[in-house]
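Asks: I'd like to ask you about the structure that follows.
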4 protein chains.
Amino acid sequence: MTQRVGIVGYRGYSGAELVRLLERHPSVQPVLLDHRSEDGARPPIRRSSLPVRLPCTPESVINEGLAIVFLATPPEVSMELAPVMLHAGARVVDLSGAFRLGTPEAYSTWYKEAHNQPALLAEAVYGLPEASRDGIPGARLLSNPGCYPTAANLAIAPLVKAGVVDRAAGIVCDAKSGASGAGRKPSLKTSFCEVTENFSAYSILRHRHVPEVLMVSHLEEREFSFTAHLLPVHRGILETIYFRAIGVECPEDLLSVYETRYSAEPFIRLYEPGHAPDLRAVVHTNFCDLGLTFDARSGRAVVVSAIDNLVKGAAGQAIQNMNLMLGFPETEGLL
Amino acid sequence: MTQRVGIVGYRGYSGAELVRLLERHPSVQPVLLDHRSEDGARPPIRRSSLPVRLPCTPESVINEGLAIVFLATPPEVSMELAPVMLHAGARVVDLSGAFRLGTPEAYSTWYKEAHNQPALLAEAVYGLPEASRDGIPGARLLSNPGCYPTAANLAIAPLVKAGVVDRAAGIVCDAKSGASGAGRKPSLKTSFCEVTENFSAYSILRHRHVPEVLMVSHLEEREFSFTAHLLPVHRGILETIYFRAIGVECPEDLLSVYETRYSAEPFIRLYEPGHAPDLRAVVHTNFCDLGLTFDARSGRAVVVSAIDNLVKGAAGQAIQNMNLMLGFPETEGLL
Amino acid sequence: MTQRVGIVGYRGYSGAELVRLLERHPSVQPVLLDHRSEDGARPPIRRSSLPVRLPCTPESVINEGLAIVFLATPPEVSMELAPVMLHAGARVVDLSGAFRLGTPEAYSTWYKEAHNQPALLAEAVYGLPEASRDGIPGARLLSNPGCYPTAANLAIAPLVKAGVVDRAAGIVCDAKSGASGAGRKPSLKTSFCEVTENFSAYSILRHRHVPEVLMVSHLEEREFSFTAHLLPVHRGILETIYFRAIGVECPEDLLSVYETRYSAEPFIRLYEPGHAPDLRAVVHTNFCDLGLTFDARSGRAVVVSAIDNLVKGAAGQAIQNMNLMLGFPETEGLL
Amino acid sequence: MTQRVGIVGYRGYSGAELVRLLERHPSVQPVLLDHRSEDGARPPIRRSSLPVRLPCTPESVINEGLAIVFLATPPEVSMELAPVMLHAGARVVDLSGAFRLGTPEAYSTWYKEAHNQPALLAEAVYGLPEASRDGIPGARLLSNPGCYPTAANLAIAPLVKAGVVDRAAGIVCDAKSGASGAGRKPSLKTSFCEVTENFSAYSILRHRHVPEVLMVSHLEEREFSFTAHLLPVHRGILETIYFRAIGVECPEDLLSVYETRYSAEPFIRLYEPGHAPDLRAVVHTNFCDLGLTFDARSGRAVVVSAIDNLVKGAAGQAIQNMNLMLGFPETEGLL
């Protein structure tokens, strides 16, 4: 028996990916929820069928018996809708940054505005299953991780925990993302003529995704440098992570940290030492691919971490969390 | 009165760029030199005229009175041709890696084959004018720098020299290049279907351009981490360089190092602190653009350095060196 | 119970797509067949599993009980292997142009070499199901259509048959394909730097796919003009087809021809008049999308036909034919 | 002695290209004219200098003594500004469609709004020099041709005039343009994620550039079919033009029409029969390249015409017209 789930913000890139993936999921049935004025353009294909569309109201939640509502909306909209949907009886998976950080203070520091739902912020469970599944199955409000922090934390957290990183020397994460990471709203910065045959850095040392990495990987701000870049590709994130290894003599010493930590993880793939994933390897999948290189002479190491920003970095991970919340197999609809 | 100069390897991407730029140079006249079997395809445009083509022989050098011969050839071909061209009376500007490193031992370590012209290697002058013009005007054999090291050294060398870099913590250079950096020879790695909508790291921690950075910026191997990446663009290099600053309180402290060093340099452009060049800013120019960001809280700094790999990273810099060697204004034909 | 099928040429773009699709097909199990020296590179992902690989020999066919062997090989290799595989007891689906044309003479005219298997050419069944399913279920040797003709014939054949095209004025088919249509073998023409930010026409008026359109749509050579173009995209074909309509007063008159012909076809999608598919609509699917525009004032019409050259134009259509040959539902593994 | 010229709309793609080209022109000095709220962002490069910026007023025209004002603005803005600039004593080169068509009726038919400057429309001179230089030197208001019609008319007009085209069978022009043709204003249609790896037809059979082709090449609407397409490239137009030739036995018969007509034209390049230009050949130049193929068996011919939409299709042609208007050599600043 399938359950019904709602999607708000289904026209954005993450929301549309969510609909595509949920339509193939054997155990749920997606319902589109219209928040404010959604553009109602019908596709030009004759006789094509669309998922059900309803207004984004408590009545829709109640009448349809929606088990979960996904919010693929900006943080301020998520803060507005989350309490409404929860009150109507749905559980919420929020894909925005609204409920990711630990405190309202952290939120206002990095998002440059006050948080107006501190109680929900305190209640929200951060849903990066490979880092911790605690609390996900029972979460009422699940906060889906940011795209950059997903790729970064899956690479960094096990190494920091295992004590093989020289934190004093610092970790550098040089991150590159395709243009869909900037969302579907037209802007000069993401227009074709500005992006093609171009490449640029942005939010140098002050991206709002930084605190999620500090929080999950247990790092201090002075131990971590992060710069985001815009790649002339549609989708995909690749992060090149540099650190000085301690207590390590060969690449296998580092690899064994990952192997121990991730041996049972269905969505982590490890590469032979010296090899690294490219974007192609992960696009349209929910995998996070990790490849490490260690230079014994200098003691320096590099990990390349790659995900699809719209799948493992957004919609796919949201479904992975939904599977855990609804008691489905974790990989259902995602392989 | 114009002088004649020869180009070997004029069908490669660097060589073709060299011909394009030299055809507009007011003081020289390019002559194409055919080494072995060059493909003789005529362009399909009716009545188009081409530069003179001659066999790559000592006779051509002598008969044409070639002042300089540019070698846009692989290292092994440059090692073969440089002594021949020099003996015929031309000065040589070599765009390959054959004569860049300080010793035959360094060459064999990084290029994985023995150097067979150690005397010429000792004589060769490394031509990065903004780092040092010493020896360039009088050089008989000039070694044109690699593309990655040009962008890296112009960013790093002044900072290291000024003592504002915490070398113990290490410098990270995350470098990205367009596909023309891999040359014109067809290969699966640079075929359209493999590169488009993709992005990948290569030569992680062991690129053969690393020793040029150590040499010019006076760094130890353990102080420097470098990874190259292939961007889905035709041309351009952007490097994101991370370090911990010492004795620095604000971005202007770092910027002043560059301003002092580069105040009279026509091909270096500095950005306001917190801003950074994108590829678009430098492509088809001989500029190296530098933008720095400093985070006072963490003491960490980032410099973004961008060049066109075929211009400042190859053909343009070769002409800049030629201008110095032949006594022309340094910017002639390059603005 | 699943059946085993073999794939020769599994490293090419069509062959690799075939393997990807067959691995998800519920009723068959793919076996890779190594013809001559296939590059044996293992993927760098640890613990990844691969389909079985065997030499491409009669013994493999017999021992594995292969029901069908797919030849994703050049025409000359297909001519060599088809009789061998058939003799060993397998049925053959050939993706090359070896067995598409009606006579050895037509083959030598368009492919510029003699056909050395005229008996098999006579026996081969041309597998464009939407044009004719006759003979496909019982075929021993099935010839899979070319990519360009698939998009062209699905658009043109019904209109010609319905008598709504002014054949005397001629039909123009302006065809554009992504670079994967040229195959995986590296060449300067399909290298990234030559294709990106570029666009070019090739085989103007003399592409070897032309005779397939004449054959299936029943046109004379003087009635049909075809030009191929190379798009800077990975995959997808879009063809813009121009003709003068006769006996037609409004777009619906033309649309009804398609609706009648294709009402039961699962892989044809029709667009509202005045709308047209883009590549995005069909890439990674087995659909052929058709959109027509009719200008009553001038009597002129345009049909835009779009497919994925590697799916409906190659591997997907091959599986559609396999489904018919083995008695599976026609859409199995393709939706 | 240089003359001053003004540019309105200098932030758009055509306007910015105009500024770039005019800055290199030896005989003029560009002045930026701010119409309404132009975004005043300073470039982040330190010490960069910009052209003079003034408000777009009659006073600026008079005080600066502007010989010509270029309007790189939408048609409705051009209709508003042209009379003002003319009244202030400047001559006007308009890059919009406001003054291209012959009558107010034609304008309202194709541009879907009334023309409010019929007297200026009657006075305006259409500036396609290779079709006719009549009136250009003395024009007070010059209308710069559309990008698509420039490529189409340079290919078609001489053939129609020479009587070698079977007009009854019709001419098909399949046109493809890079995304800069849609202007700089952000929209979903030209956002990177929608354009990359995609290709689409638009304005099928009803593009507003059609009447310019009918007007210049002297064709009836029923004789001409035109479809525009959006290429995933920054700049460049390539048009593939199909017709049935009459009185022609070999490609040279057609080529001689072009050779006679264009023998003295500096910006037309002809290709050997059977060859065709690609976008790469013309991008960043003011050339229109023409390559024709003729199939004697079917009597059908194809001409491929390529230009840079921002140069010969807009800014370059505007400067070519300015050169004629101000008595400079026609190619000045354009080679």
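Every chain in the structure tokens takes a letter, A first, then B, and so on in the order presented; its residues are numbered from 1, and the ligands are numbered from 1 following the presented order.
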With a distance cut-off of 12 Å and only C-alpha atoms, select the neighbouring residues of Leu334 (chain B), excluding the residue or stretch itself and same-chain residues fewer than 6 positions from it, and output the selection as a compact mmCIF listing (two decimals) with C-alpha atoms, in the first residue's frame.
Replies:
```txt
# COMPACT_ATOMS: atom_id res chain seq x y z
CA LEU B 18 51.52 32.12 -31.69
CA ARG B 20 47.78 34.43 -34.92
CA LEU B 21 49.46 36.85 -32.52
CA LEU B 22 52.64 37.20 -34.56
CA GLU B 23 50.65 38.01 -37.71
CA ARG B 24 49.36 41.13 -35.91
CA HIS B 25 52.73 42.06 -34.43
CA PRO B 26 54.00 45.18 -36.19
CA PRO B 266 51.61 46.05 -17.75
CA PHE B 267 50.22 42.50 -17.69
CA HIS B 284 42.27 36.08 -25.30
CA THR B 285 44.50 38.48 -23.32
CA ASN B 286 48.04 38.37 -21.96
CA PHE B 287 46.88 39.50 -18.51
CA VAL B 311 48.34 33.47 -24.18
CA LYS B 312 50.01 34.44 -20.87
CA ALA B 315 52.14 32.08 -26.88
CA GLY B 316 51.60 35.54 -25.42
CA GLN B 317 54.32 35.12 -22.85
CA ALA B 318 56.61 33.77 -25.58
CA ILE B 319 56.06 36.99 -27.53
CA GLN B 320 56.56 39.05 -24.39
CA ASN B 321 59.92 37.32 -24.03
CA MET B 322 60.68 37.82 -27.73
CA ASN B 323 59.97 41.53 -27.33
CA PHE B 328 60.92 45.88 -28.79
```
Asks: With only C-alpha atoms considered, list every residue of chain B at most 7 Å from chain C, as a list in words.
Replies: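 Taken together, these residues fit the definition: Ala179, Ser180, Pro186, Ser187, Leu188, Thr190, Ser191, Phe192, Cys193, Val195 and His234 of chain B.
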Asks: Just write the chosen residues, N, CA and C atoms, as a short mmCIF file (atom, residue, chain, number, x, y, z; two decimals), in the first residue's frame.
Replies:
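The resulting file, part-v8.cif, is shown below:
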```cif
data_model
loop_
_atom_site.label_atom_id
_atom_site.label_comp_id
_atom_site.auth_asym_id
_atom_site.auth_seq_id
_atom_site.Cartn_x
_atom_site.Cartn_y
_atom_site.Cartn_z
N ALA B 179 40.42 22.64 -21.84
CA ALA B 179 40.92 21.45 -22.52
C ALA B 179 42.05 21.72 -23.49
N SER B 180 42.22 22.96 -23.94
CA SER B 180 43.32 23.22 -24.87
C SER B 180 44.67 23.01 -24.21
N PRO B 186 44.28 14.30 -30.78
CA PRO B 186 43.04 13.67 -30.31
C PRO B 186 43.29 12.57 -29.29
N SER B 187 42.47 12.54 -28.25
CA SER B 187 42.53 11.46 -27.28
C SER B 187 41.16 11.33 -26.65
N LEU B 188 40.87 10.17 -26.11
CA LEU B 188 39.57 9.97 -25.49
C LEU B 188 39.36 10.98 -24.36
N THR B 190 40.17 13.99 -24.02
CA THR B 190 39.78 15.34 -24.40
C THR B 190 38.74 15.33 -25.51
N SER B 191 38.05 14.21 -25.71
CA SER B 191 36.99 14.20 -26.71
C SER B 191 35.75 14.88 -26.12
N PHE B 192 34.97 15.47 -27.00
CA PHE B 192 33.85 16.29 -26.53
C PHE B 192 32.94 15.55 -25.57
N CYS B 193 32.56 14.31 -25.94
CA CYS B 193 31.59 13.59 -25.12
C CYS B 193 32.12 13.25 -23.73
N VAL B 195 34.28 15.29 -22.04
CA VAL B 195 34.60 16.52 -21.31
C VAL B 195 33.34 17.34 -21.00
N HIS B 234 37.16 25.70 -23.43
CA HIS B 234 38.21 25.65 -24.44
C HIS B 234 39.54 26.13 -23.85
#
```
Asks: Choose the residue, out of A:Leu95, A:Ala169, A:Leu128, A:Leu290, that has the smallest atom-to-atom separation from Val303 (chain A); count only C-alpha atoms.
Replies: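 Among A:Leu95, A:Ala169, A:Leu128, A:Leu290, it is A:Leu290 that comes nearest to Val303 (chain A).
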Asks: So which residues of region 68-285 of chain A fall under strand (DSSP E or B) by DSSP, listed as a PyMOL selection string?
Replies: chain A and resi 68-71+91-94+125-126+141-143+165+171-177+191+200-202+224-230+237-245+268-271
Asks: Give me the residues within 7 Å of Ser14 (chain A) as a list in words, counting only C-alpha atoms and dropping any in the same chain fewer than 6 places off.
Replies: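 Counting only C-alpha atoms, the residues come to Ala72, Leu310, Ala314 and Ala315 of chain A.
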Asks: Would you write out those residues with N, CA and C atoms, as a PDB file, in the first residue's frame?
Replies:
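This went into selection_12.pdb:
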```
ATOM      1  N   ALA A  72      10.622  22.234  -0.858  1.00  0.00           N
ATOM      2  CA  ALA A  72      11.751  22.588  -1.729  1.00  0.00           C
ATOM      3  C   ALA A  72      11.634  24.078  -2.014  1.00  0.00           C
ATOM      4  N   LEU A 310      21.721  17.692  -7.140  1.00  0.00           N
ATOM      5  CA  LEU A 310      20.262  17.589  -7.091  1.00  0.00           C
ATOM      6  C   LEU A 310      19.795  16.248  -6.527  1.00  0.00           C
ATOM      7  N   ALA A 314      20.402  16.829  -2.599  1.00  0.00           N
ATOM      8  CA  ALA A 314      19.081  17.436  -2.371  1.00  0.00           C
ATOM      9  C   ALA A 314      17.982  16.363  -2.418  1.00  0.00           C
ATOM     10  N   ALA A 315      17.392  16.151  -3.590  1.00  0.00           N
ATOM     11  CA  ALA A 315      16.185  15.332  -3.680  1.00  0.00           C
ATOM     12  C   ALA A 315      16.419  13.867  -3.323  1.00  0.00           C
TER      13      ALA A 315
END
```
Asks: Assign secondary structure with DSSP using the backbone only, and return the residues of region 114-274 of chain A in alpha helix (DSSP H) as number ranges by chain.
Replies: A: 118-123, 147-162, 192-195, 210-217, 251-262
Asks: Filtering to C-alpha atoms, could you give me those residues as a short mmCIF file (atom, residue, chain, number, x, y, z; two decimals), in the first residue's frame?
Replies:
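Everything below was put into part-v2.cif:
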```cif
data_model
loop_
_atom_site.label_atom_id
_atom_site.label_comp_id
_atom_site.auth_asym_id
_atom_site.auth_seq_id
_atom_site.Cartn_x
_atom_site.Cartn_y
_atom_site.Cartn_z
CA PRO A 118 13.53 28.76 17.22
CA ALA A 119 11.49 25.96 18.77
CA LEU A 120 11.30 24.08 15.49
CA LEU A 121 14.98 24.75 14.90
CA ALA A 122 15.70 23.05 18.23
CA GLU A 123 13.49 20.10 17.32
CA CYS A 147 24.70 20.07 -1.16
CA TYR A 148 28.26 21.27 -0.50
CA PRO A 149 28.29 20.05 3.15
CA THR A 150 27.05 16.61 2.09
CA ALA A 151 30.07 16.06 -0.15
CA ALA A 152 32.42 17.68 2.37
CA ASN A 153 31.25 15.94 5.53
CA LEU A 154 31.14 12.48 4.00
CA ALA A 155 34.82 12.96 3.10
CA ILE A 156 36.05 14.82 6.16
CA ALA A 157 34.11 13.64 9.22
CA PRO A 158 35.51 10.07 9.39
CA LEU A 159 39.09 11.31 8.95
CA VAL A 160 38.79 13.93 11.69
CA LYS A 161 37.17 11.43 14.02
CA ALA A 162 39.94 8.88 13.34
CA PHE A 192 23.97 30.84 -20.50
CA CYS A 193 26.17 33.53 -22.01
CA GLU A 194 27.74 34.35 -18.64
CA VAL A 195 28.39 30.75 -17.61
CA VAL A 210 30.51 26.41 5.99
CA PRO A 211 28.85 26.08 9.44
CA GLU A 212 27.27 22.75 8.45
CA VAL A 213 30.75 21.34 7.87
CA LEU A 214 32.07 22.71 11.14
CA MET A 215 29.04 21.24 12.94
CA VAL A 216 29.13 17.73 11.46
CA SER A 217 32.89 17.26 11.13
CA PRO A 251 47.32 5.51 1.29
CA GLU A 252 45.86 2.28 2.62
CA ASP A 253 46.10 3.68 6.16
CA LEU A 254 43.71 6.44 5.16
CA LEU A 255 41.55 4.22 3.00
CA SER A 256 40.98 1.85 5.89
CA VAL A 257 39.34 4.68 7.84
CA TYR A 258 36.75 4.95 5.10
CA GLU A 259 36.42 1.22 4.66
CA THR A 260 35.69 0.71 8.32
CA ARG A 261 33.24 3.56 8.49
CA TYR A 262 31.42 2.95 5.22
#
```
Asks: Between CA of Glu64 (chain A) and CA of Gly9 (chain A), what is the distance in Å, rounded to a tenth?
Replies: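 Distance between the two atoms: 18.0 Å.
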